[in-house]
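K.L.:
Data file start12.txt (compact mmCIF, N, CA and C atoms) is appended below.
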# COMPACT_ATOMS: atom_id res chain seq x y z
N MET A 268 48.81 23.43 -60.54
CA MET A 268 47.68 24.25 -60.11
C MET A 268 47.39 24.02 -58.63
N PHE A 269 47.42 22.78 -58.20
CA PHE A 269 47.14 22.47 -56.79
C PHE A 269 48.15 23.13 -55.87
N ILE A 270 49.41 23.17 -56.28
CA ILE A 270 50.47 23.76 -55.45
C ILE A 270 50.22 25.25 -55.28
N MET A 271 49.84 25.95 -56.34
CA MET A 271 49.56 27.38 -56.24
C MET A 271 48.36 27.66 -55.34
N GLU A 272 47.32 26.84 -55.44
CA GLU A 272 46.15 27.03 -54.57
C GLU A 272 46.51 26.78 -53.12
N LEU A 273 47.30 25.76 -52.87
CA LEU A 273 47.75 25.47 -51.51
C LEU A 273 48.60 26.62 -50.98
N PHE A 274 49.48 27.15 -51.81
CA PHE A 274 50.32 28.27 -51.41
C PHE A 274 49.47 29.49 -51.07
N ARG A 275 48.49 29.80 -51.92
CA ARG A 275 47.61 30.94 -51.65
C ARG A 275 46.81 30.74 -50.36
N ALA A 276 46.31 29.53 -50.15
CA ALA A 276 45.54 29.25 -48.94
C ALA A 276 46.40 29.41 -47.69
N LEU A 277 47.60 28.87 -47.73
CA LEU A 277 48.49 28.99 -46.57
C LEU A 277 48.91 30.44 -46.33
N LEU A 278 49.15 31.16 -47.40
CA LEU A 278 49.55 32.55 -47.27
C LEU A 278 48.43 33.39 -46.66
N ILE A 279 47.22 33.24 -47.17
CA ILE A 279 46.10 34.06 -46.71
C ILE A 279 45.63 33.64 -45.32
N HIS A 280 45.45 32.36 -45.10
CA HIS A 280 44.78 31.90 -43.89
C HIS A 280 45.71 31.44 -42.77
N LEU A 281 47.00 31.36 -43.02
CA LEU A 281 47.93 30.95 -41.97
C LEU A 281 49.02 32.00 -41.76
N PHE A 282 49.69 32.40 -42.84
CA PHE A 282 50.82 33.31 -42.71
C PHE A 282 50.38 34.71 -42.25
N VAL A 283 49.35 35.27 -42.86
CA VAL A 283 48.89 36.62 -42.51
C VAL A 283 48.44 36.69 -41.05
N PRO A 284 47.59 35.75 -40.57
CA PRO A 284 47.23 35.82 -39.14
C PRO A 284 48.42 35.63 -38.20
N CYS A 285 49.35 34.75 -38.55
CA CYS A 285 50.52 34.55 -37.69
C CYS A 285 51.38 35.82 -37.61
N VAL A 286 51.56 36.49 -38.73
CA VAL A 286 52.32 37.75 -38.72
C VAL A 286 51.59 38.79 -37.88
N GLY A 287 50.28 38.84 -37.98
CA GLY A 287 49.51 39.79 -37.19
C GLY A 287 49.65 39.53 -35.69
N VAL A 288 49.58 38.27 -35.29
CA VAL A 288 49.73 37.92 -33.87
C VAL A 288 51.14 38.27 -33.40
N LEU A 289 52.14 37.97 -34.20
CA LEU A 289 53.51 38.31 -33.82
C LEU A 289 53.71 39.82 -33.68
N CYS A 290 53.15 40.60 -34.59
CA CYS A 290 53.24 42.06 -34.48
C CYS A 290 52.55 42.56 -33.22
N TYR A 291 51.38 42.00 -32.92
CA TYR A 291 50.66 42.38 -31.71
C TYR A 291 51.49 42.06 -30.47
N LEU A 292 52.04 40.87 -30.41
CA LEU A 292 52.85 40.48 -29.25
C LEU A 292 54.10 41.35 -29.12
N PHE A 293 54.70 41.72 -30.24
CA PHE A 293 55.85 42.61 -30.22
C PHE A 293 55.48 43.97 -29.63
N ILE A 294 54.34 44.51 -30.04
CA ILE A 294 53.91 45.81 -29.52
C ILE A 294 53.58 45.73 -28.04
N VAL A 295 52.91 44.66 -27.62
CA VAL A 295 52.59 44.50 -26.20
C VAL A 295 53.88 44.39 -25.38
N ARG A 296 54.83 43.66 -25.88
CA ARG A 296 56.10 43.52 -25.17
C ARG A 296 56.80 44.87 -25.04
N ARG A 297 56.77 45.68 -26.11
CA ARG A 297 57.38 47.02 -26.05
C ARG A 297 56.66 47.90 -25.04
N MET A 298 55.34 47.80 -24.99
CA MET A 298 54.59 48.60 -24.02
C MET A 298 54.96 48.20 -22.59
N LEU A 299 55.05 46.92 -22.35
CA LEU A 299 55.39 46.45 -21.01
C LEU A 299 56.83 46.80 -20.65
N TYR A 300 57.73 46.71 -21.63
CA TYR A 300 59.13 47.05 -21.40
C TYR A 300 59.29 48.53 -21.06
N ARG A 301 58.55 49.38 -21.77
CA ARG A 301 58.62 50.82 -21.53
C ARG A 301 57.78 51.26 -20.33
N GLN A 302 57.09 50.34 -19.72
CA GLN A 302 56.24 50.60 -18.56
C GLN A 302 55.25 51.73 -18.84
N ILE A 303 54.51 51.57 -19.92
CA ILE A 303 53.49 52.54 -20.32
C ILE A 303 52.35 52.50 -19.30
N LYS A 304 51.91 53.66 -18.88
CA LYS A 304 50.81 53.76 -17.92
C LYS A 304 49.50 53.35 -18.60
N ASP A 305 48.79 52.43 -17.99
CA ASP A 305 47.50 51.93 -18.50
C ASP A 305 47.59 51.53 -19.97
N PRO A 306 48.42 50.54 -20.30
CA PRO A 306 48.60 50.17 -21.72
C PRO A 306 47.31 49.62 -22.33
N PRO A 307 47.02 49.99 -23.57
CA PRO A 307 45.78 49.55 -24.22
C PRO A 307 45.90 48.15 -24.83
N VAL A 308 46.19 47.16 -24.00
CA VAL A 308 46.45 45.80 -24.48
C VAL A 308 45.20 45.19 -25.13
N ILE A 309 44.08 45.25 -24.44
CA ILE A 309 42.85 44.64 -24.96
C ILE A 309 42.34 45.42 -26.17
N SER A 310 42.39 46.73 -26.08
CA SER A 310 41.96 47.55 -27.22
C SER A 310 42.79 47.26 -28.47
N LEU A 311 44.10 47.15 -28.28
CA LEU A 311 44.97 46.83 -29.42
C LEU A 311 44.68 45.44 -29.99
N PHE A 312 44.34 44.49 -29.12
CA PHE A 312 44.01 43.16 -29.61
C PHE A 312 42.78 43.22 -30.52
N ILE A 313 41.76 43.95 -30.08
CA ILE A 313 40.54 44.07 -30.88
C ILE A 313 40.84 44.83 -32.18
N ILE A 314 41.65 45.86 -32.10
CA ILE A 314 42.02 46.62 -33.30
C ILE A 314 42.78 45.74 -34.28
N PHE A 315 43.74 44.97 -33.78
CA PHE A 315 44.49 44.05 -34.66
C PHE A 315 43.56 43.01 -35.28
N ALA A 316 42.66 42.47 -34.49
CA ALA A 316 41.73 41.46 -35.01
C ALA A 316 40.82 42.05 -36.09
N THR A 317 40.35 43.26 -35.87
CA THR A 317 39.45 43.88 -36.84
C THR A 317 40.17 44.21 -38.14
N TRP A 318 41.32 44.86 -38.04
CA TRP A 318 42.07 45.19 -39.25
C TRP A 318 42.56 43.92 -39.95
N GLY A 319 42.93 42.90 -39.18
CA GLY A 319 43.35 41.63 -39.77
C GLY A 319 42.21 40.96 -40.51
N THR A 320 41.01 41.04 -39.95
CA THR A 320 39.84 40.48 -40.64
C THR A 320 39.61 41.19 -41.96
N LEU A 321 39.74 42.50 -41.96
CA LEU A 321 39.59 43.24 -43.21
C LEU A 321 40.64 42.83 -44.24
N LEU A 322 41.88 42.71 -43.80
CA LEU A 322 42.95 42.29 -44.71
C LEU A 322 42.69 40.90 -45.28
N ILE A 323 42.30 39.97 -44.43
CA ILE A 323 42.05 38.61 -44.90
C ILE A 323 40.86 38.57 -45.86
N LEU A 324 39.84 39.37 -45.59
CA LEU A 324 38.69 39.39 -46.51
C LEU A 324 39.05 39.98 -47.86
N VAL A 325 39.85 41.02 -47.87
CA VAL A 325 40.27 41.60 -49.15
C VAL A 325 41.13 40.60 -49.92
N LEU A 326 42.05 39.94 -49.23
CA LEU A 326 42.86 38.91 -49.90
C LEU A 326 42.01 37.74 -50.38
N THR A 327 41.03 37.35 -49.58
CA THR A 327 40.12 36.27 -49.99
C THR A 327 39.32 36.69 -51.21
N ARG A 328 38.87 37.92 -51.21
CA ARG A 328 38.06 38.42 -52.34
C ARG A 328 38.83 38.34 -53.65
N PHE A 329 40.11 38.66 -53.62
CA PHE A 329 40.87 38.73 -54.86
C PHE A 329 41.65 37.45 -55.20
N PHE A 330 42.03 36.66 -54.20
CA PHE A 330 42.93 35.54 -54.48
C PHE A 330 42.42 34.18 -54.03
N TRP A 331 41.22 34.10 -53.47
CA TRP A 331 40.75 32.82 -52.96
C TRP A 331 39.27 32.68 -53.23
N TYR A 332 38.65 31.68 -52.67
CA TYR A 332 37.23 31.41 -52.89
C TYR A 332 36.41 31.96 -51.72
N TRP A 333 35.31 32.62 -52.05
CA TRP A 333 34.44 33.14 -51.01
C TRP A 333 33.75 31.98 -50.30
N SER A 334 33.57 32.10 -48.99
CA SER A 334 32.99 31.01 -48.22
C SER A 334 32.03 31.57 -47.18
N GLY A 335 31.41 30.67 -46.44
CA GLY A 335 30.54 31.08 -45.35
C GLY A 335 31.30 31.82 -44.27
N MET A 336 32.52 31.40 -43.99
CA MET A 336 33.34 32.09 -42.99
C MET A 336 33.67 33.50 -43.44
N ALA A 337 33.93 33.67 -44.73
CA ALA A 337 34.19 35.02 -45.24
C ALA A 337 32.95 35.89 -45.10
N THR A 338 31.78 35.33 -45.30
CA THR A 338 30.54 36.07 -45.14
C THR A 338 30.34 36.46 -43.67
N LEU A 339 30.68 35.57 -42.75
CA LEU A 339 30.59 35.92 -41.32
C LEU A 339 31.57 37.05 -40.97
N GLY A 340 32.77 36.98 -41.52
CA GLY A 340 33.74 38.05 -41.31
C GLY A 340 33.24 39.37 -41.86
N LEU A 341 32.62 39.33 -43.04
CA LEU A 341 32.07 40.54 -43.64
C LEU A 341 30.94 41.09 -42.77
N ALA A 342 30.10 40.21 -42.24
CA ALA A 342 29.02 40.66 -41.35
C ALA A 342 29.59 41.35 -40.11
N TYR A 343 30.65 40.79 -39.53
CA TYR A 343 31.30 41.43 -38.39
C TYR A 343 31.82 42.81 -38.77
N LEU A 344 32.51 42.90 -39.91
CA LEU A 344 33.10 44.18 -40.34
C LEU A 344 32.04 45.24 -40.62
N VAL A 345 30.88 44.83 -41.08
CA VAL A 345 29.85 45.79 -41.45
C VAL A 345 28.99 46.18 -40.25
N PHE A 346 28.58 45.20 -39.44
CA PHE A 346 27.59 45.48 -38.40
C PHE A 346 28.18 45.71 -37.01
N LEU A 347 29.19 44.98 -36.63
CA LEU A 347 29.72 45.09 -35.27
C LEU A 347 30.98 45.95 -35.17
N ALA A 348 31.88 45.81 -36.10
CA ALA A 348 33.17 46.49 -36.00
C ALA A 348 33.06 48.01 -35.92
N PRO A 349 32.17 48.67 -36.68
CA PRO A 349 32.08 50.13 -36.52
C PRO A 349 31.70 50.54 -35.09
N ILE A 350 30.81 49.79 -34.47
CA ILE A 350 30.42 50.09 -33.10
C ILE A 350 31.58 49.83 -32.15
N VAL A 351 32.22 48.69 -32.29
CA VAL A 351 33.34 48.33 -31.41
C VAL A 351 34.48 49.34 -31.55
N MET A 352 34.82 49.69 -32.78
CA MET A 352 35.91 50.63 -33.00
C MET A 352 35.53 52.03 -32.50
N GLY A 353 34.26 52.40 -32.61
CA GLY A 353 33.81 53.68 -32.07
C GLY A 353 33.92 53.72 -30.55
N VAL A 354 33.56 52.62 -29.90
CA VAL A 354 33.68 52.55 -28.44
C VAL A 354 35.15 52.64 -28.03
N ILE A 355 36.02 51.96 -28.75
CA ILE A 355 37.46 52.03 -28.45
C ILE A 355 37.96 53.46 -28.63
N ALA A 356 37.54 54.12 -29.70
CA ALA A 356 37.99 55.50 -29.95
C ALA A 356 37.54 56.43 -28.83
N VAL A 357 36.30 56.29 -28.40
CA VAL A 357 35.79 57.15 -27.32
C VAL A 357 36.54 56.85 -26.02
N ARG A 358 36.78 55.58 -25.75
CA ARG A 358 37.45 55.18 -24.51
C ARG A 358 38.90 55.67 -24.47
N ILE A 359 39.58 55.65 -25.60
CA ILE A 359 41.00 56.02 -25.63
C ILE A 359 41.20 57.51 -25.88
N TYR A 360 40.15 58.23 -26.24
CA TYR A 360 40.29 59.63 -26.61
C TYR A 360 41.07 60.44 -25.57
N LEU A 361 40.71 60.35 -24.31
CA LEU A 361 41.38 61.14 -23.28
C LEU A 361 42.80 60.65 -22.99
N ASP A 362 43.06 59.37 -23.27
CA ASP A 362 44.38 58.80 -22.99
C ASP A 362 45.32 58.89 -24.18
N ARG A 363 44.89 59.46 -25.28
CA ARG A 363 45.70 59.42 -26.51
C ARG A 363 47.02 60.16 -26.37
N LYS A 364 47.17 61.01 -25.37
CA LYS A 364 48.42 61.75 -25.19
C LYS A 364 49.37 61.07 -24.20
N LEU A 365 48.96 59.93 -23.65
CA LEU A 365 49.82 59.22 -22.70
C LEU A 365 51.05 58.62 -23.38
N SER A 366 50.86 58.08 -24.58
CA SER A 366 51.98 57.44 -25.27
C SER A 366 51.66 57.33 -26.76
N GLN A 367 52.67 56.94 -27.51
CA GLN A 367 52.48 56.69 -28.95
C GLN A 367 51.54 55.52 -29.17
N PHE A 368 51.54 54.56 -28.26
CA PHE A 368 50.68 53.39 -28.39
C PHE A 368 49.21 53.78 -28.25
N HIS A 369 48.92 54.64 -27.30
CA HIS A 369 47.55 55.13 -27.13
C HIS A 369 47.11 55.94 -28.35
N LYS A 370 48.00 56.79 -28.83
CA LYS A 370 47.68 57.60 -30.00
C LYS A 370 47.45 56.72 -31.23
N GLY A 371 48.30 55.71 -31.40
CA GLY A 371 48.14 54.79 -32.52
C GLY A 371 46.83 54.02 -32.44
N ALA A 372 46.47 53.58 -31.24
CA ALA A 372 45.20 52.87 -31.07
C ALA A 372 44.03 53.79 -31.38
N PHE A 373 44.13 55.04 -30.95
CA PHE A 373 43.06 56.00 -31.23
C PHE A 373 42.93 56.23 -32.74
N VAL A 374 44.03 56.47 -33.41
CA VAL A 374 43.99 56.71 -34.86
C VAL A 374 43.48 55.48 -35.61
N ALA A 375 43.92 54.30 -35.21
CA ALA A 375 43.47 53.07 -35.87
C ALA A 375 41.98 52.83 -35.68
N SER A 376 41.45 53.19 -34.53
CA SER A 376 40.03 52.97 -34.29
C SER A 376 39.17 54.05 -34.96
N VAL A 377 39.64 55.29 -34.98
CA VAL A 377 38.87 56.37 -35.61
C VAL A 377 38.86 56.22 -37.13
N SER A 378 39.95 55.77 -37.70
CA SER A 378 40.05 55.70 -39.16
C SER A 378 39.38 54.46 -39.75
N TYR A 379 38.84 53.59 -38.92
CA TYR A 379 38.26 52.35 -39.44
C TYR A 379 37.10 52.61 -40.39
N VAL A 380 36.12 53.37 -39.96
CA VAL A 380 34.91 53.55 -40.77
C VAL A 380 35.22 54.20 -42.12
N PRO A 381 35.98 55.30 -42.18
CA PRO A 381 36.28 55.86 -43.52
C PRO A 381 37.05 54.90 -44.42
N ILE A 382 37.96 54.15 -43.84
CA ILE A 382 38.76 53.23 -44.67
C ILE A 382 37.92 52.04 -45.13
N ILE A 383 37.05 51.52 -44.27
CA ILE A 383 36.22 50.39 -44.69
C ILE A 383 35.27 50.81 -45.81
N VAL A 384 34.79 52.04 -45.78
CA VAL A 384 33.93 52.53 -46.86
C VAL A 384 34.73 52.61 -48.16
N CYS A 385 35.94 53.14 -48.10
CA CYS A 385 36.79 53.23 -49.29
C CYS A 385 37.13 51.85 -49.85
N VAL A 386 37.46 50.92 -48.97
CA VAL A 386 37.80 49.56 -49.42
C VAL A 386 36.58 48.89 -50.04
N ALA A 387 35.42 49.04 -49.41
CA ALA A 387 34.21 48.40 -49.93
C ALA A 387 33.81 48.96 -51.29
N VAL A 388 33.89 50.26 -51.43
CA VAL A 388 33.53 50.88 -52.71
C VAL A 388 34.57 50.56 -53.77
N GLY A 389 35.84 50.62 -53.40
CA GLY A 389 36.91 50.39 -54.37
C GLY A 389 37.04 48.96 -54.83
N SER A 390 36.75 48.01 -53.96
CA SER A 390 36.95 46.61 -54.34
C SER A 390 35.66 45.91 -54.72
N ASN A 391 34.54 46.63 -54.65
CA ASN A 391 33.25 46.03 -54.95
C ASN A 391 33.02 44.82 -54.03
N LEU A 392 33.44 44.93 -52.79
CA LEU A 392 33.37 43.84 -51.82
C LEU A 392 31.94 43.45 -51.48
N TRP A 393 31.01 44.42 -51.53
CA TRP A 393 29.64 44.16 -51.09
C TRP A 393 28.90 43.23 -52.02
N SER A 394 29.06 43.38 -53.31
CA SER A 394 28.25 42.59 -54.24
C SER A 394 28.86 41.25 -54.57
N PHE A 395 30.13 41.04 -54.26
CA PHE A 395 30.80 39.81 -54.68
C PHE A 395 30.14 38.54 -54.16
N PRO A 396 29.84 38.43 -52.85
CA PRO A 396 29.30 37.15 -52.38
C PRO A 396 27.94 36.84 -52.93
N PHE A 397 27.24 37.84 -53.44
CA PHE A 397 25.86 37.64 -53.84
C PHE A 397 25.68 37.48 -55.34
N LYS A 398 26.77 37.43 -56.10
CA LYS A 398 26.67 37.27 -57.55
C LYS A 398 26.39 35.83 -57.90
Now that the file is in, can you turn its structure into structure tokens?
P.N.:
Amino acid sequence: MFIMELFRALLIHLFVPCVGVLCYLFIVRRMLYRQIKDPPVISLFIIFATWGTLLILVLTRFFWYWSGMATLGLAYLVFLAPIVMGVIAVRIYLDRKLSQFHKGAFVASVSYVPIIVCVAVGSNLWSFPFK
């Protein structure tokens, strides 16, 4: 039992964030290699962090123990992330035709609110910490 819990903890809290950082670095490297005009490096970092937080919270909800850190992540996703993602979407709106990276950042930021609502309703994420 201890081995399975350790495996789940390492998978959720170490492997998933490491894969996310590696994917982000890969995309940044491709943008720099292709010499994309005004690459959305910081916007993509925030987008990766926000979507990664959502993924880790969903995995925590179903496969791990809820904690104070998970509650802080949920507070970020509910109260701050919609504003941050909205600002990113507005900022990138005019640049979305510059490259696929800009368009992807725009789509990822615009689709955050509808997807977070679907995830919250579908997984009953809101009531879990308070039961």
K.L.:
Could you give me, as a list in words, the residues within 8 Å of A:Val288, counting all atoms listed in the file and dropping anything in the same chain fewer than 6 positions from it?
P.N.:
Phe282, Ile294 and Phe315 of chain A
K.L.:
Which residues come within 9 Å of A:Thr327, counting only C-alpha atoms, excluding same-chain residues fewer than 3 positions away, as a PyMOL selection string?
P.N.:
chain A and resi 276+279-280+322-324+330-333+337
K.L.:
Find the residues around A:Val374 up to 12 Å (only C-alpha atoms counted), leave out those fewer than 4 positions away in its own chain, and share them as a short mmCIF file (atom, residue, chain, number, x, y, z; two decimals) with N, CA and C atoms, keeping the file's coordinate frame.
P.N.:
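Written output follows (part-v1.cif):
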data_model
loop_
_atom_site.label_atom_id
_atom_site.label_comp_id
_atom_site.auth_asym_id
_atom_site.auth_seq_id
_atom_site.Cartn_x
_atom_site.Cartn_y
_atom_site.Cartn_z
N LEU A 311 44.10 47.15 -28.28
CA LEU A 311 44.97 46.83 -29.42
C LEU A 311 44.68 45.44 -29.99
N ILE A 314 41.65 45.86 -32.10
CA ILE A 314 42.02 46.62 -33.30
C ILE A 314 42.78 45.74 -34.28
N MET A 352 34.82 49.69 -32.78
CA MET A 352 35.91 50.63 -33.00
C MET A 352 35.53 52.03 -32.50
N GLY A 353 34.26 52.40 -32.61
CA GLY A 353 33.81 53.68 -32.07
C GLY A 353 33.92 53.72 -30.55
N ILE A 355 36.02 51.96 -28.75
CA ILE A 355 37.46 52.03 -28.45
C ILE A 355 37.96 53.46 -28.63
N ALA A 356 37.54 54.12 -29.70
CA ALA A 356 37.99 55.50 -29.95
C ALA A 356 37.54 56.43 -28.83
N VAL A 357 36.30 56.29 -28.40
CA VAL A 357 35.79 57.15 -27.32
C VAL A 357 36.54 56.85 -26.02
N ILE A 359 39.58 55.65 -25.60
CA ILE A 359 41.00 56.02 -25.63
C ILE A 359 41.20 57.51 -25.88
N TYR A 360 40.15 58.23 -26.24
CA TYR A 360 40.29 59.63 -26.61
C TYR A 360 41.07 60.44 -25.57
N ARG A 363 44.89 59.46 -25.28
CA ARG A 363 45.70 59.42 -26.51
C ARG A 363 47.02 60.16 -26.37
N LYS A 364 47.17 61.01 -25.37
CA LYS A 364 48.42 61.75 -25.19
C LYS A 364 49.37 61.07 -24.20
N GLN A 367 52.67 56.94 -27.51
CA GLN A 367 52.48 56.69 -28.95
C GLN A 367 51.54 55.52 -29.17
N PHE A 368 51.54 54.56 -28.26
CA PHE A 368 50.68 53.39 -28.39
C PHE A 368 49.21 53.78 -28.25
N HIS A 369 48.92 54.64 -27.30
CA HIS A 369 47.55 55.13 -27.13
C HIS A 369 47.11 55.94 -28.35
N LYS A 370 48.00 56.79 -28.83
CA LYS A 370 47.68 57.60 -30.00
C LYS A 370 47.45 56.72 -31.23
N SER A 378 39.95 55.77 -37.70
CA SER A 378 40.05 55.70 -39.16
C SER A 378 39.38 54.46 -39.75
N TYR A 379 38.84 53.59 -38.92
CA TYR A 379 38.26 52.35 -39.44
C TYR A 379 37.10 52.61 -40.39
N VAL A 380 36.12 53.37 -39.96
CA VAL A 380 34.91 53.55 -40.77
C VAL A 380 35.22 54.20 -42.12
N PRO A 381 35.98 55.30 -42.18
CA PRO A 381 36.28 55.86 -43.52
C PRO A 381 37.05 54.90 -44.42
N ILE A 382 37.96 54.15 -43.84
CA ILE A 382 38.76 53.23 -44.67
C ILE A 382 37.92 52.04 -45.13
#
K.L.:
Which distance in Å separates atom N of A:Val283 and atom CA of A:Leu326, to one decimal?
P.N.:
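Spanning atom N of A:Val283 to atom CA of A:Leu326 is a straight-line distance of 10.2 Å.
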K.L.:
Would you mind reading off the distance between atom C of A:Thr338 and atom C of A:Thr320, one decimal, in Å?
P.N.:
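These two atoms are separated by 10.5 Å.
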K.L.:
Enumerate, as a PyMOL selection string, the complete set of residues in chain A that a backbone-based DSSP assignment places in alpha helix (DSSP H).
P.N.:
chain A and resi 269-277+283-300+308-330+335-342+348-360+367-377+379-390
K.L.:
If I take atom CA of A:Val345 and atom CA of A:Ile383, how far is one from the other in Å, to one decimal?
P.N.:
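Here the two named atoms are 8.5 Å from each other.
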K.L.:
Taking every listed atom of stretch 288-306 of chain A and adding 4 Å to each side, what centre and edge lengths in Å (one decimal) does the axis-aligned box have, as JSON?
P.N.:
{"center_x": 53.3, "center_y": 45.8, "center_z": -26.6, "size_x": 20.0, "size_y": 23.8, "size_z": 25.4}
